[in-house]
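Read the structure below first, then the notes.
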Amino acid sequence: MKKIANYINGKLQAPTSGEYIDNYNPATGEIYSLIPDSDQTDVNLAIQSARAAFPKWSTLRNSERAEWLEKISNGIKARLEELALAESIDNGKPLWLAQSVDIPRAVDNFKFYATAIMHYASESHHTAEGVINYTLRKPVGIAACISPWNLPLYLFTWKIAPALAAGNTVVAKPSEITPMTAYLLSEICEEIKLPAGVLNIVHGLGSSTGNSIISSDEIDLVSFTGGTATGAHIAKIVAPKFKKMSLELGGKNPNIIFNDCDFDKALKTSINSSFANQGQICLCGSRILVQRGIYEKFRDAFVAKVKEMKVGDPMDPTSRLGAIVSKPHYDKILSYIEIAKSEGGQILTGGEAVKLDGENKNGWFISPTVIEGLDQQCRTNQEEIFGPVVTIQPFDTEEEAIELSNSTEYGLAATVWTSNLHTAHRVGDQLKTGIVWVNCWLLRDLRTPFGGMKNSGVGREGGWEALNFFTEPKNICIKF
Ligand code: NAD
């Protein structure tokens, strides 16, 4: 059975303890590889190697670091098919999705920051005659980068690329549920001979390996994407040490559909924004709010389309939904469907596990589920389910749509469908979310600030925001 290796000090290596964790293929329910169960010794080795690599890496010219990032980007591109297949097997997502979204985005993340760092400039201020202030932005040190399982290589590289571009060295941990593409990334870094210690990838459980990384006094900042409860735990450890921290956390995103929307476009995109990646994208809309005038028409058309969606083998190009990432997550989603029923929700379609044949007979599949008849305050509409489950409810006025949208503890993203520019601007302005899409969804420009408000996180990724986060500004005031 394939044994994944850690990547420390430029070398692929086994965990010092020799202990491994099982890695499952969610589409078959079978163990297909082994993940290092790294302990404090491995974490210490990774941190020491990042520390040793820092002085040289941080003082390279931006153009030299950009070249290394370009090489990584090209290395991923050259192995795109292999990486997409690995991502699909590890995560359960359809292969076509990994080929068209996940891996191309990982290529772009490195390419984007290779070019961004070449254009990154710091400020200077002419204060008075003979007085000038200028800002030095220097790399912070060792960046701890911790990522989740839903978009494994995509989100892992979204942190690592700007951290490295800005001149930090990195100790990174992918999710123990989807470690394979991070391992393949370390093979690529070894192949291109990335200087030893610049990037270190340590595999293992969040509660042990991850916790050891973020608790270390030797790391200088933490960039974390994952659940809100984990984010709160990390903040408790990291905040009293006054280290920089970026937390990208959970969501409960509204998808607001006004009477005057372009109906067909709203319908088509809402199917996607509800169920892409089995609903396991932090930006998926899980609460569909439809204005009363088109509520029944939209609901019926939406449900009819959802019924046509095929749940199937991730390798089958006709599967719209693949497998749920893990057995615990599958159980969690099914338990939320039971909660919704007990809260009085009516299941309009789906609401159950899907049993497939052959190789997939023990895989974890759930049908896309639409629930009606729940009020805003129930658990189903308040808590993050992170699966192929959406609720649908009517609203009458713009004010009501805004109130419903803002009445959860989360504030990551929202989608608005209207043909009235005034409505779009007014609603966009009042939604308490870090991201608002109008008449589109997941249309990404990597230069834009990315992140959430309230319990969806602290800080922003993307563009200059990330480069600002991964550098320490120092103002120098000169009188001459
Ligand atoms: P998680 O919080 O369980 O795990 C995320 C990562 O943190 C994993 O690598 C895990 O091993 C690690 N971890 C767990 N405990 C840790 C600890 N004590 N110390 C250090 N690291 C620890 O989240 P998940 O289940 O992997 O991911 C799903 C969640 O991620 C959802 O809530 C989703 O909304 C969120 N998410 C948010 C965004 C965003 O950009 N806001 C993007 C994707 C996913």
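Chain labels run A, B, ... following the order of the structure tokens; each chain numbers its residues from 1, and ligands are numbered from 1 in the order shown.
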
Would you mind listing, for every residue of chain A within 8 Å of ligand 1, the two atoms forming the shortest contact and the distance between them in Å to one decimal, using only C-alpha atoms and all ligand atoms, sorted by chain and ascending residue number, as a tab-separated table?
residue	atom	partner	partner_atom_place_in_ligand_line	distance
A:Ile146	CA	ligand 1	9 (O)	5.3
A:Ser147	CA	ligand 1	9 (O)	4.7
A:Pro148	CA	ligand 1	26 (O)	3.5
A:Trp149	CA	ligand 1	26 (O)	4.8
A:Asn150	CA	ligand 1	44 (C)	6.1
A:Leu151	CA	ligand 1	43 (C)	6.8
A:Leu155	CA	ligand 1	43 (C)	7.2
A:Lys173	CA	ligand 1	9 (O)	5.9
A:Pro174	CA	ligand 1	9 (O)	4.8
A:Ser175	CA	ligand 1	9 (O)	3.4
A:Glu176	CA	ligand 1	11 (O)	5.6
A:Ile177	CA	ligand 1	26 (O)	7.5
A:Gly204	CA	ligand 1	11 (O)	7.0
A:Leu205	CA	ligand 1	11 (O)	5.0
A:Gly206	CA	ligand 1	11 (O)	3.1
A:Ser207	CA	ligand 1	18 (N)	4.4
A:Ser208	CA	ligand 1	18 (N)	7.1
A:Thr209	CA	ligand 1	20 (C)	7.1
A:Gly210	CA	ligand 1	20 (C)	3.5
A:Asn211	CA	ligand 1	19 (N)	3.5
A:Ser212	CA	ligand 1	19 (N)	7.1
A:Ile213	CA	ligand 1	20 (C)	6.8
A:Ile214	CA	ligand 1	20 (C)	5.8
A:Ser215	CA	ligand 1	19 (N)	7.9
A:Phe224	CA	ligand 1	7 (O)	7.0
A:Thr225	CA	ligand 1	37 (C)	5.3
A:Gly226	CA	ligand 1	30 (O)	3.1
A:Gly227	CA	ligand 1	32 (O)	3.4
A:Thr228	CA	ligand 1	32 (O)	6.0
A:Ala229	CA	ligand 1	2 (O)	6.8
A:Thr230	CA	ligand 1	2 (O)	4.6
A:Gly231	CA	ligand 1	2 (O)	6.7
A:His233	CA	ligand 1	18 (N)	6.4
A:Ile234	CA	ligand 1	19 (N)	5.9
A:Leu247	CA	ligand 1	41 (N)	7.5
A:Glu248	CA	ligand 1	41 (N)	3.7
A:Leu249	CA	ligand 1	41 (N)	4.0
A:Gly250	CA	ligand 1	34 (O)	3.2
A:Gly251	CA	ligand 1	34 (O)	5.3
A:Gln280	CA	ligand 1	33 (C)	7.5
A:Ile281	CA	ligand 1	43 (C)	6.0
A:Cys282	CA	ligand 1	34 (O)	4.1
A:Leu283	CA	ligand 1	42 (C)	7.4
A:Glu384	CA	ligand 1	32 (O)	6.9
A:Phe386	CA	ligand 1	31 (C)	6.5
A:Leu412	CA	ligand 1	41 (N)	6.6
A:Phe450	CA	ligand 1	40 (O)	7.4
A:Gly451	CA	ligand 1	41 (N)	5.9
A:Gly452	CA	ligand 1	41 (N)	6.4
A:Ser456	CA	ligand 1	41 (N)	6.1
A:Gly457	CA	ligand 1	41 (N)	6.8

From a DSSP calculation on the backbone, collect every residue of region 341-463 of chain A in strand (DSSP E) and output the set as a VMD selection string.
chain A and resid 346 to 349 353 to 354 365 to 366 369 to 372 389 to 395 410 to 411 413 to 417 435 to 438 453 to 454 457 to 458

May I have the residues within 12 Å of Thr318 (chain A) as a PyMOL selection string, using only C-alpha atoms and disregarding those fewer than 2 positions away in the same chain?
chain A and resi 94-97+308-316+320-322

What does the distance from CA of Gln382 (chain A) to CA of Tyr410 (chain A) come to in Å, to one decimal?
8.6 Å

Just the helix (DSSP H, G or I) stuff from region 77-227 of chain A, please, per backbone DSSP, written as number ranges by chain.
A: 77-78, 80-91, 95-119, 152-165, 180-191, 206-215

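With only C-alpha atoms as the atoms that count, the minimum distance from Lys268 (chain A) to the choices A:Ile132, A:Val306, A:Ala235, A:Pro55 is reached by A:Val306.
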
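Closest to Ile294 (chain A) among A:Asp102, A:Asp396, A:Glu218, A:Glu343 is A:Asp396, based on only C-alpha atoms.
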
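Between CA of His329 (chain A) and CA of Gly387 (chain A) the interatomic distance comes to 8.5 Å.
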
One-decimal distance in Å that lies between CA of Glu352 (chain A) and CA of Pro394 (chain A)
24.3 Å

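Closest approach to Glu409 (chain A) among A:Val436, A:Met453, A:Ala232, A:Ala106: A:Met453, based on only C-alpha atoms.
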
Find the residues of region 98-171 of chain A that sit at most 7 Å from region 184-201 of chain A; for each, write down the nearest two atoms and how far apart they are in Å, to one decimal. Count only C-alpha atoms. Sort by chain, then by number going up, and give it as a Markdown table.
| residue | atom | partner | partner_atom | distance |
| --- | --- | --- | --- | --- |
| A:Thr169 | CA | A:Val198 | CA | 4.8 |
| A:Val170 | CA | A:Leu199 | CA | 4.8 |
| A:Val171 | CA | A:Asn200 | CA | 4.8 |

Nearest to Asn255 (chain A), chosen from A:Glu82, A:Trp464, A:Asn439, A:Ser88, with only C-alpha atoms counted in the distances:
A:Asn439

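Among the candidates A:Lys305, A:Arg379, A:Lys252, A:Lys56, the residue lying nearest to Thr269 (chain A) is A:Lys305 (atoms considered: only C-alpha atoms).
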
Using only C-alpha atoms, which residues sit within 12 Å of Lys307 (chain A) once same-chain residues fewer than 5 positions away are excluded, as a PDB file with C-alpha atoms, in the first residue's frame?
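To be explicit, this is the file written out as part23.pdb:
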ATOM      1  CA  ILE A 271     -27.987  24.458  -9.012  1.00  0.00           C
ATOM      2  CA  ASP A 300     -40.629  23.712  -8.814  1.00  0.00           C
ATOM      3  CA  ALA A 301     -38.110  24.320 -11.587  1.00  0.00           C
ATOM      4  CA  PHE A 302     -35.204  24.011  -9.127  1.00  0.00           C
ATOM      5  CA  ARG A 320     -22.698  15.643 -11.328  1.00  0.00           C
ATOM      6  CA  LEU A 348     -38.782  18.195  -1.669  1.00  0.00           C
ATOM      7  CA  THR A 349     -36.178  15.909  -3.188  1.00  0.00           C
ATOM      8  CA  GLY A 350     -33.250  13.791  -1.971  1.00  0.00           C
ATOM      9  CA  GLY A 351     -32.846  13.444   1.762  1.00  0.00           C
ATOM     10  CA  SER A 367     -28.556  12.620  -2.979  1.00  0.00           C
ATOM     11  CA  PRO A 368     -28.844  16.395  -3.525  1.00  0.00           C
ATOM     12  CA  THR A 369     -31.442  17.517  -1.014  1.00  0.00           C
ATOM     13  CA  VAL A 370     -33.864  20.448  -1.023  1.00  0.00           C
TER      14      VAL A 370
END

Excluding Trp441 (chain A) and its own-chain neighbours fewer than 3 positions away, which residues fall within 8 Å of it when counting only C-alpha atoms? Please give them as a PyMOL selection string.
chain A and resi 269+273+415+437-438

With a distance cut-off of 12 Å and only C-alpha atoms, select the neighbouring residues of Ser326 (chain A), excluding the residue or stretch itself and same-chain residues fewer than 2 positions from it, and output the selection as a ChimeraX atom specification.
/A:22-31,89-93,149-150,175-178,280,322-324,328-333,362-366,387
